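Notes follow the structure.
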Amino acid sequence: MRTRYNAKAIQKLNEFERYIKSKEEIQNILKNNGNKKVYLEIGMGKGDFITQLSQLDKDSIFIGVEVSLPVLALAVKKLKRYEEENNIKLENLYFMSFDAIDIANIFENGQIEKIYLNFSDPWPKKKHAKRRLTNEKFLAEYKKVLKEHGQIEFKTDNRGLFEYSLVSMQNYGLKFIEVYLDLHKADVLNIETEYEKKFSPYGPIYKIIVEY
Ligand SMILES: C[S@@+](CC[C@H](N)C(=O)[O-])C[C@H]1O[C@@H](n2cnc3c(N)ncnc32)[C@H](O)[C@@H]1O
């Protein structure tokens, strides 16, 4: 997702109180929230999915992670508008910006309940395989912060990334809990992401749930 740098939007992002800029800040929030469960979406884009998800469970903490600041600025703008229009404030929803590979520098061991990876960039060239968010390097970092038997929920419309992820997760020794070859035909609760809305008319959505 390429988005132009907009200084004013970045300033507004920086002023948003639920945009968390450091490990110390998020750890304080988590400490003040005692035993609440913590769910992460990595590569949340404009944040529709985690915004909806956070409303289904007000007793848990939801953190949307997006490496691109311009994209995150758009997510904040969208969330503010959504909250205004619906006259609500999603106090259990936070946004952060860091690269997924650094996750274990932000969170403590076993702190996270579940990680959502939705429509991650496919990086189709073989030479870029290490950048895929389901590469073993990333799976090893997620393991550090996930609680025992913590899960990853992964969705994509990209057949190549789906197949790669099945093999990568299998080789890593993860336990497959659910696999869908056509999620939209399955009778399960599904919150659609921006990419999902855009690309599902052109083919099936694949989904994998795995456990460590
Ligand atoms: C294809 S978009 C999907 C956005 C959203 N999840 C959706 O389904 O609509 C992938 C997003 O992941 C972000 N991303 C890519 N690599 C990342 C990384 N290593 N860490 C965090 N975010 C990343 C990109 O900036 C982009 O916004």
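Starting from 1 in every chain, residues are counted up; chains themselves are A, B, ... following the order of the structure tokens, and ligands are numbered from 1 as listed.
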Can you build me a table of chain A residues sitting at most 9 Å from ligand 1, with the closest atom pair per residue and its distance in Å to one decimal, using only C-alpha atoms and all ligand atoms, sorted by chain and residue number, as a tab-separated table?
```
residue	atom	partner	partner_atom_place_in_ligand_line	distance
A:Met1	CA	ligand 1	26 (C)	5.3
A:Arg2	CA	ligand 1	25 (O)	7.9
A:Glu41	CA	ligand 1	6 (N)	7.8
A:Ile42	CA	ligand 1	21 (C)	5.4
A:Gly43	CA	ligand 1	12 (O)	3.2
A:Met44	CA	ligand 1	6 (N)	4.0
A:Gly45	CA	ligand 1	4 (C)	3.8
A:Lys46	CA	ligand 1	5 (C)	6.6
A:Gly47	CA	ligand 1	5 (C)	6.8
A:Asp48	CA	ligand 1	9 (O)	7.4
A:Phe49	CA	ligand 1	6 (N)	7.5
A:Val65	CA	ligand 1	21 (C)	5.9
A:Glu66	CA	ligand 1	22 (N)	4.2
A:Val67	CA	ligand 1	22 (N)	4.1
A:Ser68	CA	ligand 1	25 (O)	4.8
A:Leu69	CA	ligand 1	25 (O)	8.4
A:Val71	CA	ligand 1	27 (O)	6.2
A:Leu72	CA	ligand 1	27 (O)	8.0
A:Ser97	CA	ligand 1	21 (C)	7.3
A:Phe98	CA	ligand 1	21 (C)	6.0
A:Asp99	CA	ligand 1	20 (N)	3.7
A:Ala100	CA	ligand 1	20 (N)	3.8
A:Ile101	CA	ligand 1	19 (N)	6.2
A:Asp102	CA	ligand 1	20 (N)	8.4
A:Ile103	CA	ligand 1	20 (N)	8.9
A:Tyr116	CA	ligand 1	6 (N)	8.8
A:Leu117	CA	ligand 1	6 (N)	6.8
A:Asn118	CA	ligand 1	6 (N)	4.3
A:Phe119	CA	ligand 1	8 (O)	4.5
A:Ser120	CA	ligand 1	10 (C)	4.6
A:Asp121	CA	ligand 1	1 (C)	4.7
A:Pro122	CA	ligand 1	1 (C)	7.8
A:Arg131	CA	ligand 1	19 (N)	7.1
A:Arg132	CA	ligand 1	16 (N)	7.7
A:Leu133	CA	ligand 1	19 (N)	6.5
A:Phe138	CA	ligand 1	19 (N)	8.8
A:Lys155	CA	ligand 1	8 (O)	8.1
A:Thr156	CA	ligand 1	8 (O)	8.0
A:Glu192	CA	ligand 1	8 (O)	7.8
A:Thr193	CA	ligand 1	9 (O)	4.5
A:Glu194	CA	ligand 1	9 (O)	3.8
A:Tyr195	CA	ligand 1	9 (O)	3.8
A:Glu196	CA	ligand 1	8 (O)	5.9
A:Lys197	CA	ligand 1	9 (O)	8.1
A:Lys198	CA	ligand 1	9 (O)	8.5
```
Neighbour list for range 81-87 of chain A as a list in words, cut-off 10 Å, only C-alpha atoms, skip fewer than 4 positions in-chain:
Asp48, Thr51, Ala75, Val76 and Lys77 of chain A
How about saving the chosen residues, N, CA and C atoms kept, as a CSV table (one decimal), in the first residue's frame?
```
chain,number,residue,atom,x,y,z
A,48,ASP,N,-9.8,-1.1,9.5
A,48,ASP,CA,-11.3,-1.5,9.7
A,48,ASP,C,-11.4,-2.8,10.5
A,51,THR,N,-10.8,-2.3,14.3
A,51,THR,CA,-11.8,-1.4,14.8
A,51,THR,C,-13.1,-2.2,15.1
A,75,ALA,N,-5.4,5.6,9.1
A,75,ALA,CA,-6.2,4.8,10.0
A,75,ALA,C,-6.7,5.6,11.1
A,76,VAL,N,-5.9,6.5,11.7
A,76,VAL,CA,-6.4,7.4,12.8
A,76,VAL,C,-7.5,8.3,12.3
A,77,LYS,N,-7.3,8.8,11.1
A,77,LYS,CA,-8.4,9.7,10.6
A,77,LYS,C,-9.7,9.0,10.4
```
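For the set A:Ile152, A:Ala9, A:Leu146, A:Ala73, the residue with the smallest atom-to-atom gap to Gln111 in chain A is A:Leu146, counting only C-alpha atoms.
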If we count only C-alpha atoms and set the cut-off at 9 Å, which residues sit around Gly110 in chain A, ignoring sequence neighbours fewer than 4 positions away in its own chain? Please answer as a PyMOL selection string.
chain A and resi 143-148+150
In Å to one decimal, how far is CA of Lys207 in chain A from CA of Thr134 in chain A?
12.8 Å
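If you measure from each of A:Ile208, A:Val179, A:Leu74, A:Ile191 to Asn6 in chain A using only C-alpha atoms, the closest one turns out to be A:Leu74.
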Rank A:Asn171, A:Asn28, A:Asn190, A:Asn33 by their smallest atom-to-atom distance to Glu153 in chain A, using only C-alpha atoms, and report the top residue only.
A:Asn190
